[in-house]
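S.K.: Sharing a structure here in structure tokens format.
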Amino acid sequence: MDLQGILEEIAYALAPRAAAGAGKVADYIPALARVPAAHFGIALRTRDGHEAAAGDAHLAFSIQSISKLFTLTLAMQTLPDEELWQRIGREPSGNPFNSLIQLETERGIARNPFINAGAIAVADRLVTHGDAKRRVLALLSSLCGEAVVFDEEVAASEAATGYRNVALANFMKSFQRIDNPVESALDMYFHQCSIAMSCAQVARAAGYLCRDGAHPLEDGTQVVTDRQARRLNALMLTCGTYDAAGEFAYRIGLPCKSGVGGGIVAVVPDTLSLCVWSPGLDHSGNSALGMEALEMFVSATGLSVF
Ligand code: GLU
């Protein structure tokens with residue numbers, strides 16, 4: 001299959017709408033509101049290491065909630081299952097990613113690790129085990145073979161305006177679901193969200209999810225076990241795209257994780273990992289053109305888990 005040609009066709013078809021700035025850039029984080037909407041990039045890496053890319057695939061963007069996939073991976077590497085899942089569920093929330101409603105009725109237990117509350121709870125566990133910020137950068141740098149860094153301006157912007165995240169963390173703390181001072185858990189969370197990477201880097205970094213947990217670049221190294229990789233893919237499919245996970249499964253049928261920076265990472269198990277980026281979001285907070293691009297990719301290649 002001519003994967004490079006397919007990516008180029010998708011980028012070409014969507015270019016006019018990307019130039020017109022389809023969707024609405026996240027403006028509740030001031031540093032993200034300044035990102036021009038007129039971008040579109042797409043990149044993939046196959047299980048055996050072939051890479052393809054088109055459009056703005058090498059431009060760094062704010063990965064935001066895509067980071068939740070990698071912090072969960074780190075938590076799976078670090079913590080026994082009982083400790084990790086004691087305070088976090090594995091069900092889709094059906095609510096916006098920053099909703100407080102369920103947290104009250106479910107006594108501070110976040111529905112899943114991919115909504116903000118769940119990711120803050122994961123960040124808290126990582127802080128407990130030490131050196132969390134350095135470890136997430138080390139993991140990502142190793143996975144994509146290039147130095148990955150925080151964007152301190154984005155992290156500071158979120159810390160200054162992340163009122164809902166502060167509320168979520170305090171709410172969980174009131175149910176004794178957060179061990180560390182909320183400031184420490186939030187500092188980790190805001191930093192992980194601020195990580196800047198390109199589509200090509202994210203597609204490569206997620207490679208272990210299409211390789212039964214095997215490191216994309218280092219032969220013989222497992223990032224997670226094959227069972228953990230299956231579980232990460234299952235969580236992405238059911239919970240990875242805010243309250244549009246059903247629509248994603250229906251239209252695309254791949255495990256995906258999106259972020260409000262406009263990136264979406266997707267996995268075709270046993271075959272390839274890909275990442276698309278366009279900053280304009282739809283009403284559910286997913287990249288508007290990103291979702292369309294994934295749909296076009298699935299139609300053109302016939303690749304889907306269904
Ligand atoms: N930093 C963002 C927030 O906490 C992440 C949201 C997202 O990408 O889903 O609101």
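Chain lettering (A, B, ...) mirrors the order of the structure tokens, residue numbering begins at 1 for each chain separately, and ligand numbering begins at 1 in order of display.
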Give the alpha helix (DSSP H) residues of segment 151-180 of chain A, as DSSP finds them on the backbone, and put them as a ChimeraX atom specification.

M.R.: /A:152-161,163-174

S.K.: Taking only C-alpha atoms and all ligand atoms into account, produce a table as JSON lines in which each residue of chain A with an atom at most 7 Å from an atom of ligand 1 appears once, together with its shortest atom pair and the distance in Å to one decimal, ordered by chain and rising number.

M.R.:
```
{"residue": "A:Gln64", "atom": "CA", "partner": "ligand 1", "partner_atom_place_in_ligand_line": "8 (O)", "distance": 4.3}
{"residue": "A:Ser65", "atom": "CA", "partner": "ligand 1", "partner_atom_place_in_ligand_line": "8 (O)", "distance": 3.6}
{"residue": "A:Ile66", "atom": "CA", "partner": "ligand 1", "partner_atom_place_in_ligand_line": "8 (O)", "distance": 6.8}
{"residue": "A:Phe97", "atom": "CA", "partner": "ligand 1", "partner_atom_place_in_ligand_line": "9 (O)", "distance": 6.1}
{"residue": "A:Asn98", "atom": "CA", "partner": "ligand 1", "partner_atom_place_in_ligand_line": "10 (O)", "distance": 6.6}
{"residue": "A:Asn116", "atom": "CA", "partner": "ligand 1", "partner_atom_place_in_ligand_line": "4 (O)", "distance": 5.9}
{"residue": "A:Glu158", "atom": "CA", "partner": "ligand 1", "partner_atom_place_in_ligand_line": "1 (N)", "distance": 6.6}
{"residue": "A:Gly162", "atom": "CA", "partner": "ligand 1", "partner_atom_place_in_ligand_line": "4 (O)", "distance": 6.8}
{"residue": "A:Asn165", "atom": "CA", "partner": "ligand 1", "partner_atom_place_in_ligand_line": "4 (O)", "distance": 6.1}
{"residue": "A:Phe190", "atom": "CA", "partner": "ligand 1", "partner_atom_place_in_ligand_line": "1 (N)", "distance": 6.2}
{"residue": "A:Cys193", "atom": "CA", "partner": "ligand 1", "partner_atom_place_in_ligand_line": "1 (N)", "distance": 5.0}
{"residue": "A:Ser258", "atom": "CA", "partner": "ligand 1", "partner_atom_place_in_ligand_line": "8 (O)", "distance": 6.8}
{"residue": "A:Gly259", "atom": "CA", "partner": "ligand 1", "partner_atom_place_in_ligand_line": "8 (O)", "distance": 3.5}
{"residue": "A:Val260", "atom": "CA", "partner": "ligand 1", "partner_atom_place_in_ligand_line": "8 (O)", "distance": 3.8}
{"residue": "A:Gly261", "atom": "CA", "partner": "ligand 1", "partner_atom_place_in_ligand_line": "8 (O)", "distance": 6.3}
```

S.K.: I want to know what sits within 12 Å of Thr225 of chain A, based on only C-alpha atoms, with residues of the same chain fewer than 4 positions away left out; could you give that as a list of chain:residue names?

M.R.: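 Result of the neighbour search: A:Thr73, A:Met76, A:Gln77, A:Tyr208, A:Leu209, A:Arg211, A:Asp212, A:Gly213, A:Ala214, A:His215, A:Thr221, A:Ala229, A:Arg230, A:Arg231, A:Leu232.
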
S.K.: Produce a table with one row for each residue of segment 156-183 of chain A that has an atom at most 12 Å from any atom of segment 16-35 of chain A, each row naming the nearest atom pair and its distance in Å at one decimal; use only C-alpha atoms; arrange rows by chain and rising residue number; format as CSV.

M.R.:
```
residue,atom,partner,partner_atom,distance
A:Ala156,CA,A:Ala31,CA,8.9
A:Ser157,CA,A:Ala31,CA,6.0
A:Glu158,CA,A:Ile29,CA,5.9
A:Ala159,CA,A:Ile29,CA,9.4
A:Ala160,CA,A:Ile29,CA,9.1
A:Thr161,CA,A:Ile29,CA,6.9
A:Gly162,CA,A:Ile29,CA,7.8
A:Tyr163,CA,A:Tyr28,CA,10.4
A:Arg164,CA,A:Tyr28,CA,10.8
A:Asn165,CA,A:Ile29,CA,11.9
```

S.K.: Please produce a file of those selected residues containing N, CA, C and O atoms, as a PDB file, in the first residue's frame.

M.R.:
```pdb
ATOM      1  N   ALA A 156       2.768  27.319  32.414  1.00  0.00           N
ATOM      2  CA  ALA A 156       2.473  28.452  33.300  1.00  0.00           C
ATOM      3  C   ALA A 156       1.094  29.023  32.990  1.00  0.00           C
ATOM      4  O   ALA A 156       0.340  29.403  33.901  1.00  0.00           O
ATOM      5  N   SER A 157       0.746  29.046  31.705  1.00  0.00           N
ATOM      6  CA  SER A 157      -0.550  29.565  31.290  1.00  0.00           C
ATOM      7  C   SER A 157      -1.675  28.695  31.872  1.00  0.00           C
ATOM      8  O   SER A 157      -2.689  29.201  32.369  1.00  0.00           O
ATOM      9  N   GLU A 158      -1.480  27.388  31.839  1.00  0.00           N
ATOM     10  CA  GLU A 158      -2.499  26.490  32.405  1.00  0.00           C
ATOM     11  C   GLU A 158      -2.567  26.611  33.924  1.00  0.00           C
ATOM     12  O   GLU A 158      -3.650  26.576  34.504  1.00  0.00           O
ATOM     13  N   ALA A 159      -1.392  26.742  34.541  1.00  0.00           N
ATOM     14  CA  ALA A 159      -1.384  26.856  36.005  1.00  0.00           C
ATOM     15  C   ALA A 159      -2.108  28.133  36.437  1.00  0.00           C
ATOM     16  O   ALA A 159      -2.770  28.171  37.467  1.00  0.00           O
ATOM     17  N   ALA A 160      -1.998  29.174  35.611  1.00  0.00           N
ATOM     18  CA  ALA A 160      -2.610  30.458  35.980  1.00  0.00           C
ATOM     19  C   ALA A 160      -4.121  30.467  35.755  1.00  0.00           C
ATOM     20  O   ALA A 160      -4.826  31.269  36.369  1.00  0.00           O
ATOM     21  N   THR A 161      -4.613  29.593  34.875  1.00  0.00           N
ATOM     22  CA  THR A 161      -6.038  29.680  34.502  1.00  0.00           C
ATOM     23  C   THR A 161      -6.782  28.349  34.652  1.00  0.00           C
ATOM     24  O   THR A 161      -7.957  28.276  34.309  1.00  0.00           O
ATOM     25  N   GLY A 162      -6.127  27.330  35.171  1.00  0.00           N
ATOM     26  CA  GLY A 162      -6.744  25.992  35.215  1.00  0.00           C
ATOM     27  C   GLY A 162      -7.675  25.811  36.403  1.00  0.00           C
ATOM     28  O   GLY A 162      -7.549  24.842  37.165  1.00  0.00           O
ATOM     29  N   TYR A 163      -8.639  26.720  36.517  1.00  0.00           N
ATOM     30  CA  TYR A 163      -9.506  26.707  37.705  1.00  0.00           C
ATOM     31  C   TYR A 163     -10.254  25.386  37.871  1.00  0.00           C
ATOM     32  O   TYR A 163     -10.418  24.873  38.973  1.00  0.00           O
ATOM     33  N   ARG A 164     -10.721  24.835  36.767  1.00  0.00           N
ATOM     34  CA  ARG A 164     -11.481  23.579  36.859  1.00  0.00           C
ATOM     35  C   ARG A 164     -10.595  22.423  37.301  1.00  0.00           C
ATOM     36  O   ARG A 164     -11.012  21.557  38.060  1.00  0.00           O
ATOM     37  N   ASN A 165      -9.373  22.410  36.793  1.00  0.00           N
ATOM     38  CA  ASN A 165      -8.473  21.329  37.189  1.00  0.00           C
ATOM     39  C   ASN A 165      -8.119  21.438  38.670  1.00  0.00           C
ATOM     40  O   ASN A 165      -8.008  20.435  39.371  1.00  0.00           O
TER      41      ASN A 165
END
```

S.K.: So how far away is atom CA of Lys257 of chain A from atom CA of Ala138 of chain A, in Å?

M.R.: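 So the two atoms, atom CA of Ala138 of chain A and atom CA of Lys257 of chain A, lie 20.5 Å apart.
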
S.K.: Which residues, written as a short mmCIF file (atom, residue, chain, number, x, y, z; two decimals) with all heavy atoms, in the first residue's frame, have at least one atom at most 12 Å from Ile101 of chain A, with only C-alpha atoms counted and residues fewer than 4 positions away on the same chain left out?

M.R.:
```cif
data_model
loop_
_atom_site.label_atom_id
_atom_site.label_comp_id
_atom_site.auth_asym_id
_atom_site.auth_seq_id
_atom_site.Cartn_x
_atom_site.Cartn_y
_atom_site.Cartn_z
N SER A 93 -16.92 8.16 30.23
CA SER A 93 -17.65 9.05 31.14
C SER A 93 -18.91 9.59 30.49
O SER A 93 -19.88 9.90 31.19
CB SER A 93 -16.75 10.20 31.58
OG SER A 93 -16.58 11.11 30.52
N GLY A 94 -18.91 9.75 29.16
CA GLY A 94 -20.08 10.35 28.52
C GLY A 94 -20.28 11.80 28.90
O GLY A 94 -21.32 12.39 28.61
N ASN A 95 -19.31 12.37 29.57
CA ASN A 95 -19.38 13.77 30.00
C ASN A 95 -18.15 14.51 29.49
O ASN A 95 -17.14 13.89 29.18
CB ASN A 95 -19.38 13.86 31.54
CG ASN A 95 -20.76 13.69 32.10
OD1 ASN A 95 -21.72 14.29 31.63
ND2 ASN A 95 -20.87 12.84 33.10
N PRO A 96 -18.20 15.86 29.45
CA PRO A 96 -17.00 16.59 29.04
C PRO A 96 -15.79 16.23 29.91
O PRO A 96 -15.94 15.83 31.06
CB PRO A 96 -17.41 18.05 29.24
CG PRO A 96 -18.89 18.04 29.11
CD PRO A 96 -19.34 16.73 29.69
N PHE A 97 -14.60 16.40 29.30
CA PHE A 97 -13.36 15.93 29.94
C PHE A 97 -13.06 16.62 31.26
O PHE A 97 -12.31 16.12 32.08
CB PHE A 97 -12.17 16.10 28.99
CG PHE A 97 -11.93 17.53 28.55
CD1 PHE A 97 -11.05 18.35 29.25
CD2 PHE A 97 -12.59 18.05 27.45
CE1 PHE A 97 -10.82 19.66 28.85
CE2 PHE A 97 -12.37 19.37 27.04
CZ PHE A 97 -11.49 20.17 27.74
N THR A 105 -20.94 12.25 42.55
CA THR A 105 -21.78 11.07 42.81
C THR A 105 -20.91 9.82 42.99
O THR A 105 -21.30 8.88 43.66
CB THR A 105 -22.80 10.83 41.68
OG1 THR A 105 -22.08 10.84 40.45
CG2 THR A 105 -23.86 11.90 41.64
N GLU A 106 -19.71 9.82 42.41
CA GLU A 106 -18.87 8.62 42.51
C GLU A 106 -17.76 8.80 43.55
O GLU A 106 -16.73 8.13 43.52
CB GLU A 106 -18.36 8.23 41.11
CG GLU A 106 -19.57 7.82 40.27
CD GLU A 106 -19.29 7.51 38.80
OE1 GLU A 106 -18.13 7.46 38.40
OE2 GLU A 106 -20.28 7.31 38.07
N ARG A 107 -17.97 9.71 44.45
CA ARG A 107 -17.13 9.91 45.64
C ARG A 107 -15.62 10.03 45.32
O ARG A 107 -14.78 9.37 45.92
CB ARG A 107 -17.38 8.80 46.67
CG ARG A 107 -18.86 8.71 47.07
CD ARG A 107 -19.10 7.85 48.28
NE ARG A 107 -18.29 8.23 49.43
CZ ARG A 107 -18.52 9.26 50.24
NH1 ARG A 107 -19.57 10.04 50.01
NH2 ARG A 107 -17.72 9.51 51.26
N GLY A 108 -15.34 10.89 44.34
CA GLY A 108 -13.94 11.23 44.09
C GLY A 108 -13.18 10.20 43.27
O GLY A 108 -11.96 10.32 43.10
N ILE A 109 -13.87 9.15 42.77
CA ILE A 109 -13.20 8.15 41.90
C ILE A 109 -13.45 8.57 40.46
O ILE A 109 -14.60 8.58 40.01
CB ILE A 109 -13.78 6.74 42.12
CG1 ILE A 109 -13.76 6.36 43.60
CG2 ILE A 109 -13.09 5.73 41.21
CD1 ILE A 109 -12.69 5.43 44.04
N ALA A 110 -12.41 8.90 39.74
CA ALA A 110 -12.57 9.35 38.35
C ALA A 110 -12.99 8.17 37.47
O ALA A 110 -12.50 7.05 37.67
CB ALA A 110 -11.26 9.94 37.85
N ARG A 111 -13.86 8.43 36.52
CA ARG A 111 -14.37 7.36 35.65
C ARG A 111 -13.28 6.62 34.88
O ARG A 111 -13.34 5.43 34.65
CB ARG A 111 -15.32 7.96 34.62
CG ARG A 111 -16.77 7.95 34.98
CD ARG A 111 -17.35 6.56 34.95
NE ARG A 111 -18.67 6.58 35.53
CZ ARG A 111 -19.79 6.55 34.81
NH1 ARG A 111 -19.75 6.52 33.51
NH2 ARG A 111 -20.94 6.53 35.42
N ALA A 117 -9.85 14.43 35.57
CA ALA A 117 -9.78 13.96 36.96
C ALA A 117 -8.92 12.70 37.04
O ALA A 117 -8.05 12.58 37.91
CB ALA A 117 -11.19 13.68 37.48
N ARG A 164 -10.72 24.84 36.77
CA ARG A 164 -11.48 23.58 36.86
C ARG A 164 -10.60 22.42 37.30
O ARG A 164 -11.01 21.56 38.06
CB ARG A 164 -12.08 23.23 35.51
CG ARG A 164 -13.36 23.93 35.28
CD ARG A 164 -14.05 23.32 34.12
NE ARG A 164 -15.28 24.03 33.91
CZ ARG A 164 -16.46 23.44 33.87
NH1 ARG A 164 -16.56 22.15 33.99
NH2 ARG A 164 -17.54 24.14 33.69
N ALA A 167 -10.12 22.68 40.85
CA ALA A 167 -11.34 22.23 41.53
C ALA A 167 -11.41 20.70 41.56
O ALA A 167 -11.71 20.10 42.60
CB ALA A 167 -12.57 22.80 40.82
N LEU A 168 -11.11 20.06 40.41
CA LEU A 168 -11.15 18.60 40.34
C LEU A 168 -10.18 17.98 41.35
O LEU A 168 -10.52 17.04 42.07
CB LEU A 168 -10.79 18.11 38.93
CG LEU A 168 -11.79 18.40 37.80
CD1 LEU A 168 -11.15 18.13 36.44
CD2 LEU A 168 -13.05 17.54 37.96
N PHE A 171 -11.39 18.48 44.86
CA PHE A 171 -12.55 17.64 45.10
C PHE A 171 -12.13 16.20 45.41
O PHE A 171 -12.60 15.57 46.36
CB PHE A 171 -13.44 17.70 43.86
CG PHE A 171 -14.88 17.52 44.17
CD1 PHE A 171 -15.59 18.52 44.83
CD2 PHE A 171 -15.53 16.36 43.82
CE1 PHE A 171 -16.92 18.34 45.14
CE2 PHE A 171 -16.86 16.18 44.13
CZ PHE A 171 -17.56 17.16 44.78
#
```

S.K.: Rank nothing, just name the residue among A:Arg125, A:Arg204, A:His39, A:Lys173 nearest to Val265 of chain A, using only C-alpha atoms.

M.R.: A:Arg204

S.K.: Write out as an MDAnalysis selection string the set of residues from segment 32-171 of chain A that DSSP, computed on the backbone, places in strand (DSSP E or B).

M.R.: chainID A and resid 41:46 51:55 61:62 88 110 149

S.K.: Identify which of the residues A:Asn180, A:Ser304, A:Ser198, A:Ser278 lies closest to Glu292 of chain A, counting only C-alpha atoms when measuring atom-to-atom distances.

M.R.: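 Of A:Asn180, A:Ser304, A:Ser198, A:Ser278, the one nearest Glu292 of chain A, counting only C-alpha atoms, is A:Ser278.
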
S.K.: Select, from A:Ala249, A:Val122, A:Pro269, A:His58, the residue with the minimum atom-to-atom distance to Ile178 of chain A, counting only C-alpha atoms.

M.R.: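 Result for the nearest residue to Ile178 of chain A: A:Val122.
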
S.K.: For Gln4 of chain A, list every protein, DNA or RNA residue within 9 Å, evaluated using only C-alpha atoms, and leave out those in the same chain fewer than 3 positions away; present the list as a list of chain:residue names.

M.R.: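 Returned residues: A:Met1, A:Leu7, A:Glu8, A:Glu9, A:Ala43, A:Leu44, A:Glu51, A:Ala52, A:Ala53, A:Ala54.
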
S.K.: Go ahead and dump the residues you just picked, C-alpha atoms, as an mmCIF file, in the first residue's frame.

M.R.:
```cif
data_model
loop_
_atom_site.group_PDB
_atom_site.id
_atom_site.type_symbol
_atom_site.label_atom_id
_atom_site.label_comp_id
_atom_site.auth_asym_id
_atom_site.auth_seq_id
_atom_site.Cartn_x
_atom_site.Cartn_y
_atom_site.Cartn_z
ATOM 1 C CA MET A 1 0.000 0.000 0.000
ATOM 2 C CA LEU A 7 -1.235 10.786 3.535
ATOM 3 C CA GLU A 8 -0.374 13.301 0.809
ATOM 4 C CA GLU A 9 -3.832 12.931 -0.746
ATOM 5 C CA ALA A 43 2.330 11.151 10.064
ATOM 6 C CA LEU A 44 2.528 7.411 10.616
ATOM 7 C CA GLU A 51 7.534 6.271 8.308
ATOM 8 C CA ALA A 52 5.371 8.530 6.146
ATOM 9 C CA ALA A 53 4.339 12.147 6.679
ATOM 10 C CA ALA A 54 2.522 15.018 4.977
#
```

S.K.: Excluding segment 85-92 of chain A and any residue of its chain fewer than 3 positions from it, enumerate the residues within 10 Å of it, using only C-alpha atoms, and give them as an MDAnalysis selection string.

M.R.: chainID A and resid 76 79:82 95 107:115 117:119 121:122 125 172 176:178 234:246

S.K.: Select, from A:Thr271, A:Tyr12, A:Lys68, A:Gly5, the residue with the minimum atom-to-atom distance to Ala293 of chain A, counting only C-alpha atoms.

M.R.: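 Of the candidates, the smallest distance to Ala293 of chain A is held by A:Tyr12.
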